[in-house]
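The file final-v2.pdb comes next; it holds PDB, C-alpha atoms, pLDDT in the B column.
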```pdb
ATOM      1  CA  MET Z  88     -79.817  -6.788  80.094  1.00 42.00           C
ATOM      2  CA  ALA Z  89     -76.187  -5.904  80.779  1.00 45.00           C
ATOM      3  CA  SER Z  90     -76.832  -2.146  80.892  1.00 52.00           C
ATOM      4  CA  THR Z  91     -77.629  -0.219  84.028  1.00 64.00           C
ATOM      5  CA  THR Z  92     -81.264  -0.202  82.925  1.00 80.00           C
ATOM      6  CA  ALA Z  93     -81.499  -3.787  84.151  1.00 92.00           C
ATOM      7  CA  LYS Z  94     -83.732  -3.843  87.210  1.00 96.00           C
ATOM      8  CA  ILE Z  95     -82.200  -5.707  90.135  1.00 98.00           C
ATOM      9  CA  GLY Z  96     -84.065  -7.242  93.044  1.00 98.00           C
ATOM     10  CA  PHE Z  97     -82.668  -8.236  96.427  1.00 97.00           C
ATOM     11  CA  VAL Z  98     -84.263 -10.514  99.000  1.00 97.00           C
ATOM     12  CA  GLY Z  99     -82.062 -10.551 102.091  1.00 96.00           C
ATOM     13  CA  LEU Z 100     -80.447  -7.198 102.870  1.00 96.00           C
ATOM     14  CA  GLY Z 101     -78.171  -8.207 105.720  1.00 93.00           C
ATOM     15  CA  HIS Z 102     -74.454  -7.471 105.834  1.00 93.00           C
ATOM     16  CA  MET Z 103     -73.632  -9.192 102.543  1.00 96.00           C
ATOM     17  CA  GLY Z 104     -76.867  -8.608 100.635  1.00 96.00           C
ATOM     18  CA  GLY Z 105     -77.097  -5.016 101.791  1.00 96.00           C
ATOM     19  CA  SER Z 106     -73.508  -4.330 100.764  1.00 97.00           C
ATOM     20  CA  MET Z 107     -74.136  -5.832  97.335  1.00 98.00           C
ATOM     21  CA  ALA Z 108     -77.275  -3.741  96.898  1.00 97.00           C
ATOM     22  CA  THR Z 109     -75.299  -0.640  97.874  1.00 97.00           C
ATOM     23  CA  ARG Z 110     -72.715  -1.401  95.213  1.00 97.00           C
ATOM     24  CA  PHE Z 111     -75.368  -1.793  92.517  1.00 97.00           C
ATOM     25  CA  LEU Z 112     -77.062   1.442  93.573  1.00 97.00           C
ATOM     26  CA  ALA Z 113     -73.722   3.249  93.356  1.00 96.00           C
ATOM     27  CA  ALA Z 114     -73.244   1.855  89.839  1.00 95.00           C
ATOM     28  CA  GLY Z 115     -76.580   3.361  88.763  1.00 95.00           C
ATOM     29  CA  TYR Z 116     -78.806   0.298  88.680  1.00 96.00           C
ATOM     30  CA  PRO Z 117     -82.435   0.507  89.808  1.00 97.00           C
ATOM     31  CA  VAL Z 118     -82.647  -1.778  92.838  1.00 98.00           C
ATOM     32  CA  TYR Z 119     -85.729  -3.184  94.566  1.00 98.00           C
ATOM     33  CA  GLY Z 120     -85.508  -4.966  97.881  1.00 97.00           C
ATOM     34  CA  GLU Z 121     -87.109  -6.730 100.822  1.00 96.00           C
ATOM     35  CA  GLU Z 122     -85.818  -7.751 104.231  1.00 93.00           C
ATOM     36  CA  GLN Z 123     -87.580  -9.431 107.134  1.00 87.00           C
ATOM     37  CA  HIS Z 124     -86.860  -6.430 109.351  1.00 87.00           C
ATOM     38  CA  ARG Z 125     -87.602  -3.228 107.443  1.00 89.00           C
ATOM     39  CA  GLU Z 126     -85.441  -1.070 109.702  1.00 89.00           C
ATOM     40  CA  GLN Z 127     -82.332  -2.906 108.478  1.00 87.00           C
ATOM     41  CA  ALA Z 128     -82.968  -1.442 105.026  1.00 92.00           C
ATOM     42  CA  ASP Z 129     -83.690   2.162 106.043  1.00 93.00           C
ATOM     43  CA  GLU Z 130     -80.270   3.441 104.991  1.00 94.00           C
ATOM     44  CA  LEU Z 131     -80.537   1.633 101.658  1.00 96.00           C
ATOM     45  CA  VAL Z 132     -83.949   3.175 101.053  1.00 96.00           C
ATOM     46  CA  ARG Z 133     -82.449   6.609 101.728  1.00 95.00           C
ATOM     47  CA  ASP Z 134     -79.759   5.758  99.158  1.00 95.00           C
ATOM     48  CA  GLY Z 135     -82.356   4.940  96.515  1.00 97.00           C
ATOM     49  CA  LEU Z 136     -83.435   1.338  97.059  1.00 97.00           C
ATOM     50  CA  GLN Z 137     -87.098   0.862  96.178  1.00 97.00           C
ATOM     51  CA  TRP Z 138     -88.743  -1.079  98.987  1.00 97.00           C
ATOM     52  CA  ARG Z 139     -91.199  -3.912  98.353  1.00 97.00           C
ATOM     53  CA  ASP Z 140     -93.153  -5.698 101.079  1.00 96.00           C
ATOM     54  CA  THR Z 141     -92.766  -9.321  99.931  1.00 97.00           C
ATOM     55  CA  PRO Z 142     -90.299 -11.476  97.985  1.00 97.00           C
ATOM     56  CA  ARG Z 143     -92.972 -11.902  95.320  1.00 98.00           C
ATOM     57  CA  GLU Z 144     -93.230  -8.141  94.817  1.00 98.00           C
ATOM     58  CA  VAL Z 145     -89.454  -7.861  94.535  1.00 98.00           C
ATOM     59  CA  VAL Z 146     -89.159 -10.485  91.828  1.00 97.00           C
ATOM     60  CA  GLU Z 147     -92.142  -9.079  89.952  1.00 97.00           C
ATOM     61  CA  ALA Z 148     -90.424  -5.680  89.815  1.00 97.00           C
ATOM     62  CA  ALA Z 149     -86.982  -6.990  88.831  1.00 97.00           C
ATOM     63  CA  ASP Z 150     -85.337  -8.519  85.776  1.00 96.00           C
ATOM     64  CA  ILE Z 151     -82.621 -10.189  87.848  1.00 98.00           C
ATOM     65  CA  LEU Z 152     -83.250 -11.328  91.415  1.00 98.00           C
ATOM     66  CA  PHE Z 153     -80.472 -11.782  93.976  1.00 98.00           C
ATOM     67  CA  THR Z 154     -80.947 -13.600  97.256  1.00 98.00           C
ATOM     68  CA  SER Z 155     -78.512 -13.603 100.185  1.00 97.00           C
ATOM     69  CA  LEU Z 156     -79.882 -15.867 102.888  1.00 96.00           C
ATOM     70  CA  PRO Z 157     -78.470 -17.827 105.845  1.00 95.00           C
ATOM     71  CA  ASP Z 158     -79.543 -21.424 105.234  1.00 96.00           C
ATOM     72  CA  ASP Z 159     -81.703 -23.964 103.395  1.00 97.00           C
ATOM     73  CA  GLY Z 160     -84.742 -23.357 105.586  1.00 96.00           C
ATOM     74  CA  VAL Z 161     -84.844 -19.607 105.033  1.00 96.00           C
ATOM     75  CA  LEU Z 162     -84.232 -20.071 101.314  1.00 97.00           C
ATOM     76  CA  GLU Z 163     -87.204 -22.430 101.058  1.00 97.00           C
ATOM     77  CA  ALA Z 164     -89.379 -20.120 103.149  1.00 96.00           C
ATOM     78  CA  VAL Z 165     -88.816 -17.069 100.937  1.00 96.00           C
ATOM     79  CA  ALA Z 166     -89.230 -19.165  97.795  1.00 97.00           C
ATOM     80  CA  SER Z 167     -92.558 -20.746  98.691  1.00 96.00           C
ATOM     81  CA  GLY Z 168     -96.104 -19.616  99.395  1.00 95.00           C
ATOM     82  CA  PRO Z 169     -98.365 -17.012  97.786  1.00 97.00           C
ATOM     83  CA  ASP Z 170     -95.939 -14.174  98.598  1.00 97.00           C
ATOM     84  CA  GLY Z 171     -92.792 -16.127  97.786  1.00 97.00           C
ATOM     85  CA  ILE Z 172     -90.288 -15.822  94.978  1.00 98.00           C
ATOM     86  CA  LEU Z 173     -91.689 -18.680  92.909  1.00 98.00           C
ATOM     87  CA  ALA Z 174     -95.103 -17.025  92.838  1.00 97.00           C
ATOM     88  CA  GLY Z 175     -93.602 -13.957  91.181  1.00 96.00           C
ATOM     89  CA  LEU Z 176     -91.214 -15.594  88.731  1.00 96.00           C
ATOM     90  CA  ALA Z 177     -91.974 -15.531  85.018  1.00 94.00           C
ATOM     91  CA  ALA Z 178     -90.252 -16.547  81.810  1.00 94.00           C
ATOM     92  CA  GLU Z 179     -86.934 -14.839  81.076  1.00 92.00           C
ATOM     93  CA  LYS Z 180     -86.309 -13.796  84.686  1.00 97.00           C
ATOM     94  CA  ILE Z 181     -83.109 -14.970  86.365  1.00 98.00           C
ATOM     95  CA  TRP Z 182     -82.661 -15.747  90.041  1.00 98.00           C
ATOM     96  CA  VAL Z 183     -79.080 -15.524  91.319  1.00 98.00           C
ATOM     97  CA  ASP Z 184     -78.661 -17.023  94.785  1.00 98.00           C
ATOM     98  CA  VAL Z 185     -75.431 -15.917  96.436  1.00 98.00           C
ATOM     99  CA  SER Z 186     -76.228 -17.765  99.676  1.00 97.00           C
ATOM    100  CA  THR Z 187     -74.085 -20.637 100.916  1.00 95.00           C
ATOM    101  CA  VAL Z 188     -76.681 -23.407 101.150  1.00 96.00           C
ATOM    102  CA  SER Z 189     -76.661 -27.114 100.358  1.00 96.00           C
ATOM    103  CA  PRO Z 190     -76.247 -28.125  96.706  1.00 97.00           C
ATOM    104  CA  ARG Z 191     -79.212 -30.482  97.128  1.00 97.00           C
ATOM    105  CA  ALA Z 192     -81.586 -27.715  98.215  1.00 96.00           C
ATOM    106  CA  SER Z 193     -80.359 -25.401  95.481  1.00 97.00           C
ATOM    107  CA  ARG Z 194     -80.756 -27.994  92.742  1.00 97.00           C
ATOM    108  CA  GLY Z 195     -84.287 -28.758  93.885  1.00 97.00           C
ATOM    109  CA  LEU Z 196     -85.261 -25.099  93.693  1.00 97.00           C
ATOM    110  CA  ALA Z 197     -83.570 -24.718  90.307  1.00 98.00           C
ATOM    111  CA  GLU Z 198     -85.805 -27.473  88.906  1.00 97.00           C
ATOM    112  CA  ARG Z 199     -88.908 -25.682  90.184  1.00 97.00           C
ATOM    113  CA  VAL Z 200     -87.692 -22.404  88.697  1.00 98.00           C
ATOM    114  CA  LEU Z 201     -87.021 -24.041  85.325  1.00 97.00           C
ATOM    115  CA  ALA Z 202     -90.580 -25.371  85.257  1.00 96.00           C
ATOM    116  CA  LEU Z 203     -91.753 -21.733  85.342  1.00 95.00           C
ATOM    117  CA  GLY Z 204     -89.651 -20.829  82.312  1.00 96.00           C
ATOM    118  CA  ALA Z 205     -87.110 -18.889  84.388  1.00 97.00           C
ATOM    119  CA  ALA Z 206     -83.534 -19.737  85.377  1.00 98.00           C
ATOM    120  CA  MET Z 207     -81.776 -20.055  88.712  1.00 98.00           C
ATOM    121  CA  LEU Z 208     -78.036 -19.801  89.273  1.00 98.00           C
ATOM    122  CA  ASP Z 209     -76.218 -20.732  92.462  1.00 98.00           C
ATOM    123  CA  ALA Z 210     -73.497 -18.126  92.893  1.00 98.00           C
ATOM    124  CA  PRO Z 211     -71.871 -18.456  96.331  1.00 98.00           C
ATOM    125  CA  VAL Z 212     -69.003 -16.101  97.047  1.00 96.00           C
ATOM    126  CA  SER Z 213     -65.633 -16.302  98.722  1.00 91.00           C
ATOM    127  CA  GLY Z 214     -64.990 -13.132 100.685  1.00 89.00           C
ATOM    128  CA  SER Z 215     -66.869 -10.892 103.068  1.00 89.00           C
ATOM    129  CA  VAL Z 216     -68.168  -7.330 103.302  1.00 93.00           C
ATOM    130  CA  PRO Z 217     -64.779  -5.649 102.623  1.00 91.00           C
ATOM    131  CA  GLN Z 218     -64.472  -7.645  99.406  1.00 93.00           C
ATOM    132  CA  VAL Z 219     -68.011  -6.671  98.369  1.00 96.00           C
ATOM    133  CA  GLN Z 220     -67.169  -3.023  98.951  1.00 95.00           C
ATOM    134  CA  THR Z 221     -64.043  -3.223  96.794  1.00 95.00           C
ATOM    135  CA  GLY Z 222     -65.583  -5.479  94.146  1.00 96.00           C
ATOM    136  CA  THR Z 223     -63.087  -8.273  94.766  1.00 95.00           C
ATOM    137  CA  LEU Z 224     -65.269 -11.260  95.657  1.00 96.00           C
ATOM    138  CA  THR Z 225     -64.563 -14.631  94.084  1.00 95.00           C
ATOM    139  CA  ILE Z 226     -67.886 -15.872  92.683  1.00 98.00           C
ATOM    140  CA  MET Z 227     -68.524 -19.488  91.693  1.00 98.00           C
ATOM    141  CA  VAL Z 228     -71.579 -19.963  89.489  1.00 98.00           C
ATOM    142  CA  GLY Z 229     -73.569 -23.086  88.717  1.00 98.00           C
ATOM    143  CA  GLY Z 230     -76.390 -23.256  86.200  1.00 98.00           C
ATOM    144  CA  ASP Z 231     -77.402 -22.489  82.631  1.00 97.00           C
ATOM    145  CA  LYS Z 232     -74.625 -20.954  80.496  1.00 97.00           C
ATOM    146  CA  ASP Z 233     -76.936 -18.548  78.696  1.00 97.00           C
ATOM    147  CA  ALA Z 234     -78.351 -17.273  81.981  1.00 97.00           C
ATOM    148  CA  TYR Z 235     -74.810 -16.851  83.277  1.00 98.00           C
ATOM    149  CA  ALA Z 236     -73.839 -14.840  80.197  1.00 97.00           C
ATOM    150  CA  ARG Z 237     -76.731 -12.459  80.871  1.00 96.00           C
ATOM    151  CA  VAL Z 238     -75.776 -11.797  84.486  1.00 97.00           C
ATOM    152  CA  GLU Z 239     -71.985 -11.907  84.175  1.00 97.00           C
ATOM    153  CA  PRO Z 240     -71.668  -8.094  83.773  1.00 96.00           C
ATOM    154  CA  LEU Z 241     -73.663  -7.642  86.983  1.00 97.00           C
ATOM    155  CA  LEU Z 242     -71.523 -10.157  88.847  1.00 98.00           C
ATOM    156  CA  ARG Z 243     -68.401  -8.297  87.721  1.00 97.00           C
ATOM    157  CA  GLU Z 244     -69.624  -5.316  89.726  1.00 96.00           C
ATOM    158  CA  LEU Z 245     -69.078  -7.536  92.778  1.00 97.00           C
ATOM    159  CA  GLY Z 246     -65.925  -9.417  91.872  1.00 97.00           C
ATOM    160  CA  THR Z 247     -64.580 -12.102  89.588  1.00 98.00           C
ATOM    161  CA  PRO Z 248     -67.200 -14.666  88.520  1.00 98.00           C
ATOM    162  CA  THR Z 249     -66.458 -18.053  86.984  1.00 98.00           C
ATOM    163  CA  HIS Z 250     -69.028 -20.396  85.472  1.00 98.00           C
ATOM    164  CA  ILE Z 251     -68.283 -23.740  87.118  1.00 98.00           C
ATOM    165  CA  GLY Z 252     -70.893 -26.016  85.556  1.00 97.00           C
ATOM    166  CA  GLU Z 253     -74.412 -27.213  86.165  1.00 97.00           C
ATOM    167  CA  ASN Z 254     -76.729 -26.229  89.000  1.00 98.00           C
ATOM    168  CA  GLY Z 255     -75.215 -26.961  92.398  1.00 97.00           C
ATOM    169  CA  GLN Z 256     -71.616 -27.099  91.235  1.00 98.00           C
ATOM    170  CA  GLY Z 257     -70.888 -23.535  92.294  1.00 98.00           C
ATOM    171  CA  LEU Z 258     -71.948 -24.506  95.804  1.00 98.00           C
ATOM    172  CA  VAL Z 259     -69.897 -27.701  95.718  1.00 97.00           C
ATOM    173  CA  LEU Z 260     -66.786 -25.672  94.913  1.00 97.00           C
ATOM    174  CA  LYS Z 261     -67.611 -23.155  97.668  1.00 96.00           C
ATOM    175  CA  LEU Z 262     -67.825 -26.033 100.155  1.00 95.00           C
ATOM    176  CA  ALA Z 263     -64.466 -27.319  98.889  1.00 95.00           C
ATOM    177  CA  ILE Z 264     -62.975 -23.886  99.573  1.00 92.00           C
ATOM    178  CA  ASN Z 265     -64.512 -23.795 103.048  1.00 91.00           C
ATOM    179  CA  ILE Z 266     -62.973 -27.173 103.869  1.00 94.00           C
ATOM    180  CA  SER Z 267     -59.557 -25.906 102.797  1.00 92.00           C
ATOM    181  CA  LEU Z 268     -59.955 -22.723 104.848  1.00 89.00           C
ATOM    182  CA  ALA Z 269     -60.923 -24.715 107.928  1.00 91.00           C
ATOM    183  CA  VAL Z 270     -57.870 -26.972 107.594  1.00 93.00           C
ATOM    184  CA  GLN Z 271     -55.587 -23.950 107.142  1.00 91.00           C
ATOM    185  CA  MET Z 272     -56.951 -22.293 110.275  1.00 90.00           C
ATOM    186  CA  LEU Z 273     -56.596 -25.499 112.272  1.00 91.00           C
ATOM    187  CA  ALA Z 274     -52.985 -25.915 111.154  1.00 92.00           C
ATOM    188  CA  PHE Z 275     -52.234 -22.273 111.997  1.00 92.00           C
ATOM    189  CA  ALA Z 276     -53.733 -22.629 115.479  1.00 91.00           C
ATOM    190  CA  GLU Z 277     -51.748 -25.817 116.122  1.00 93.00           C
ATOM    191  CA  GLY Z 278     -48.550 -24.105 115.001  1.00 93.00           C
ATOM    192  CA  LEU Z 279     -49.281 -21.176 117.307  1.00 92.00           C
ATOM    193  CA  VAL Z 280     -49.760 -23.587 120.249  1.00 92.00           C
ATOM    194  CA  LEU Z 281     -46.416 -25.227 119.468  1.00 95.00           C
ATOM    195  CA  ALA Z 282     -44.637 -21.868 119.438  1.00 94.00           C
ATOM    196  CA  GLU Z 283     -46.330 -20.628 122.608  1.00 92.00           C
ATOM    197  CA  ARG Z 284     -45.576 -23.804 124.578  1.00 94.00           C
ATOM    198  CA  SER Z 285     -41.904 -23.337 123.681  1.00 95.00           C
ATOM    199  CA  GLY Z 286     -41.930 -19.864 125.173  1.00 96.00           C
ATOM    200  CA  VAL Z 287     -42.380 -17.803 121.994  1.00 96.00           C
ATOM    201  CA  ASP Z 288     -44.459 -14.661 122.448  1.00 94.00           C
ATOM    202  CA  PRO Z 289     -47.718 -15.485 120.612  1.00 92.00           C
ATOM    203  CA  LYS Z 290     -47.950 -11.963 119.163  1.00 92.00           C
ATOM    204  CA  VAL Z 291     -44.473 -12.335 117.678  1.00 95.00           C
ATOM    205  CA  ALA Z 292     -45.371 -15.788 116.406  1.00 93.00           C
ATOM    206  CA  VAL Z 293     -48.480 -14.476 114.650  1.00 93.00           C
ATOM    207  CA  GLU Z 294     -46.535 -11.603 113.101  1.00 93.00           C
ATOM    208  CA  VAL Z 295     -43.823 -13.859 111.710  1.00 95.00           C
ATOM    209  CA  MET Z 296     -46.155 -16.671 110.623  1.00 93.00           C
ATOM    210  CA  THR Z 297     -48.456 -14.354 108.683  1.00 92.00           C
ATOM    211  CA  ALA Z 298     -45.449 -12.724 106.975  1.00 93.00           C
ATOM    212  CA  SER Z 299     -44.113 -16.127 105.929  1.00 94.00           C
ATOM    213  CA  PRO Z 300     -45.155 -18.148 102.845  1.00 91.00           C
ATOM    214  CA  ILE Z 301     -48.138 -19.557 104.793  1.00 89.00           C
ATOM    215  CA  GLY Z 302     -49.576 -16.045 105.213  1.00 88.00           C
ATOM    216  CA  SER Z 303     -52.504 -16.192 102.794  1.00 85.00           C
ATOM    217  CA  PRO Z 304     -54.944 -13.251 102.674  1.00 81.00           C
ATOM    218  CA  MET Z 305     -57.463 -15.403 104.553  1.00 80.00           C
ATOM    219  CA  LEU Z 306     -54.973 -16.223 107.286  1.00 85.00           C
ATOM    220  CA  LYS Z 307     -53.876 -12.609 107.654  1.00 85.00           C
ATOM    221  CA  ALA Z 308     -57.505 -11.504 107.964  1.00 81.00           C
ATOM    222  CA  ARG Z 309     -58.262 -14.011 110.726  1.00 82.00           C
ATOM    223  CA  ALA Z 310     -54.991 -14.342 112.611  1.00 85.00           C
ATOM    224  CA  ASP Z 311     -55.866 -11.607 115.102  1.00 83.00           C
ATOM    225  CA  LEU Z 312     -59.121 -13.402 115.910  1.00 81.00           C
ATOM    226  CA  VAL Z 313     -57.209 -16.577 116.729  1.00 83.00           C
ATOM    227  CA  LEU Z 314     -54.813 -14.609 118.911  1.00 83.00           C
ATOM    228  CA  ALA Z 315     -57.655 -12.800 120.681  1.00 82.00           C
ATOM    229  CA  CYS Z 316     -59.360 -16.093 121.514  1.00 78.00           C
ATOM    230  CA  ARG Z 317     -56.142 -17.394 123.046  1.00 65.00           C
ATOM    231  CA  THR Z 318     -55.401 -14.324 125.152  1.00 56.00           C
ATOM    232  CA  ARG Z 319     -58.829 -13.318 126.457  1.00 53.00           C
ATOM    233  CA  PRO Z 320     -59.535 -13.875 130.188  1.00 48.00           C
ATOM    234  CA  GLY Z 321     -60.420 -17.467 130.980  1.00 45.00           C
ATOM    235  CA  SER Z 322     -58.757 -18.957 127.918  1.00 47.00           C
ATOM    236  CA  THR Z 323     -56.027 -21.573 128.115  1.00 44.00           C
ATOM    237  CA  SER Z 324     -53.174 -22.602 125.854  1.00 43.00           C
ATOM    238  CA  ALA Z 325     -53.912 -26.280 126.180  1.00 36.00           C
TER     239      ALA Z 325
END
```

Take the structure I supplied and represent it as structure tokens, if you would.
Amino acid sequence: MASTTAKIGFVGLGHMGGSMATRFLAAGYPVYGEEQHREQADELVRDGLQWRDTPREVVEAADILFTSLPDDGVLEAVASGPDGILAGLAAEKIWVDVSTVSPRASRGLAERVLALGAAMLDAPVSGSVPQVQTGTLTIMVGGDKDAYARVEPLLRELGTPTHIGENGQGLVLKLAINISLAVQMLAFAEGLVLAERSGVDPKVAVEVMTASPIGSPMLKARADLVLACRTRPGSTSA
């Protein structure tokens, strides 16, 4: 299953899912896919993605299914019903959900998948489209160890995966990372306010702060956004 003969399915071909599918196509994997709005996948189809009309048809065609979806509600919607993922799952198939959803929702779906003889892994990622394109995502995986071993070579096309533990624990760790990122951004913004109120040019402050020991890759990637929000017309420094 680790060779490029493994058939990969994708439900959700937005910015992240589409970029992941592109990377697998470039690596030589056969990729099947479905997206709510077909036109979003036109370029992928031109690059070799094999379109399917429903999530069920995608999972029926694939050995390994990936989903990249925005929230619990959408995840449940594509999983359920006669054309949903669960209707197409069979024994030995693996569903890898890279969405950032609630651990509770993911664990509930994993139990339903297990009842069908298949396996579901929660595999949220830290990073965005540029990291997908360079294969440098951090991937936290929860679920069955044997299923993880089967998909690990595929995940390494996208970045660095780590098996965290049981179903839902990958998502718990992703939420822990998000909390840390939010606190870092808040502290950076407060520091920028302090500097600006003391007369320091905010552009100079951002340049020096991001070059200092606090300048993590995340902070460097988002510092200009913080600065832009503070300097656009109508904004205040209060």

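Taken over the whole file, the PyMOL selection byres ((chain Z and resi 207-210) around 7) covers exactly Ile181, Trp182, Val183, Asp184, Val185, Ser193, Ala197, Val200, Ala205, Ala206, Pro211, Val212, Ile226, Met227, Val228, Gly229, Gly230, Asn254, Gly255, Gly257 and Leu258 of chain Z.
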
Open item on the list: Evaluate the PyMOL selection byres ((chain Z and resi 179) around 12) against this structure - the residues, as number ranges by chain, please.
Closed with: Z: 88, 146-147, 149-152, 176-178, 180-182, 200-207, 233-234, 237

Include C-alpha atoms and write out the residues we just selected as a PDB file, in the coordinates of the input.
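Result written to again36.pdb:
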```
ATOM      1  CA  MET Z  88     -79.817  -6.788  80.094  1.00 42.00           C
ATOM      2  CA  VAL Z 146     -89.159 -10.485  91.828  1.00 97.00           C
ATOM      3  CA  GLU Z 147     -92.142  -9.079  89.952  1.00 97.00           C
ATOM      4  CA  ALA Z 149     -86.982  -6.990  88.831  1.00 97.00           C
ATOM      5  CA  ASP Z 150     -85.337  -8.519  85.776  1.00 96.00           C
ATOM      6  CA  ILE Z 151     -82.621 -10.189  87.848  1.00 98.00           C
ATOM      7  CA  LEU Z 152     -83.250 -11.328  91.415  1.00 98.00           C
ATOM      8  CA  LEU Z 176     -91.214 -15.594  88.731  1.00 96.00           C
ATOM      9  CA  ALA Z 177     -91.974 -15.531  85.018  1.00 94.00           C
ATOM     10  CA  ALA Z 178     -90.252 -16.547  81.810  1.00 94.00           C
ATOM     11  CA  LYS Z 180     -86.309 -13.796  84.686  1.00 97.00           C
ATOM     12  CA  ILE Z 181     -83.109 -14.970  86.365  1.00 98.00           C
ATOM     13  CA  TRP Z 182     -82.661 -15.747  90.041  1.00 98.00           C
ATOM     14  CA  VAL Z 200     -87.692 -22.404  88.697  1.00 98.00           C
ATOM     15  CA  LEU Z 201     -87.021 -24.041  85.325  1.00 97.00           C
ATOM     16  CA  ALA Z 202     -90.580 -25.371  85.257  1.00 96.00           C
ATOM     17  CA  LEU Z 203     -91.753 -21.733  85.342  1.00 95.00           C
ATOM     18  CA  GLY Z 204     -89.651 -20.829  82.312  1.00 96.00           C
ATOM     19  CA  ALA Z 205     -87.110 -18.889  84.388  1.00 97.00           C
ATOM     20  CA  ALA Z 206     -83.534 -19.737  85.377  1.00 98.00           C
ATOM     21  CA  MET Z 207     -81.776 -20.055  88.712  1.00 98.00           C
ATOM     22  CA  ASP Z 233     -76.936 -18.548  78.696  1.00 97.00           C
ATOM     23  CA  ALA Z 234     -78.351 -17.273  81.981  1.00 97.00           C
ATOM     24  CA  ARG Z 237     -76.731 -12.459  80.871  1.00 96.00           C
TER      25      ARG Z 237
END
```

TODO: Identify, on the basis of only C-alpha atoms, every residue whose closest approach to Ala148 in chain Z does not exceed 12 Å; exclude the query and any residue fewer than 6 positions from it along the same chain; express the result as an MDAnalysis selection string.
DONE: chainID Z and resid 93:97 117:121 137:142 172 175:177 180

- [ ] Run the PyMOL selection byres ((chain Z and resi 271) around 12) against the file shown and list the residues it catches, as a VMD selection string.
- [x] chain Z and resid 264 to 270 272 to 278 301 to 307 309 to 310

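Proximity ranking of Z:Leu100, Z:Val259, Z:Gly222, Z:Leu279 relative to Leu241 in chain Z places Z:Gly222 first, based on all atoms listed in the file.
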
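Distances from Z:Ser186, Z:Ser167, Z:Ser106, Z:Thr297 to Arg143 in chain Z were compared using all atoms listed in the file, and the smallest one belongs to Z:Ser167.
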
TODO: For each of Z:Val293, Z:Leu173, Z:Ala113, Z:Leu245, take the minimum atom-to-atom distance to Val216 in chain Z, counting all atoms listed in the file, then give the residue where this is smallest.
DONE: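 Distance minimum relative to Val216 in chain Z lands on Z:Leu245.
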
- [ ] Calculate how many Å separate CA of Gln127 in chain Z from CA of Val161 in chain Z, rounding to one decimal.
- [x]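 Computing it gives 17.2 Å between the two atoms.
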
TODO: Figure out the distance between CA of Leu136 in chain Z and CA of Thr92 in chain Z, please, to one decimal in Å.
DONE: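 Answer for the CA of Thr92 in chain Z to CA of Leu136 in chain Z separation: 14.4 Å.
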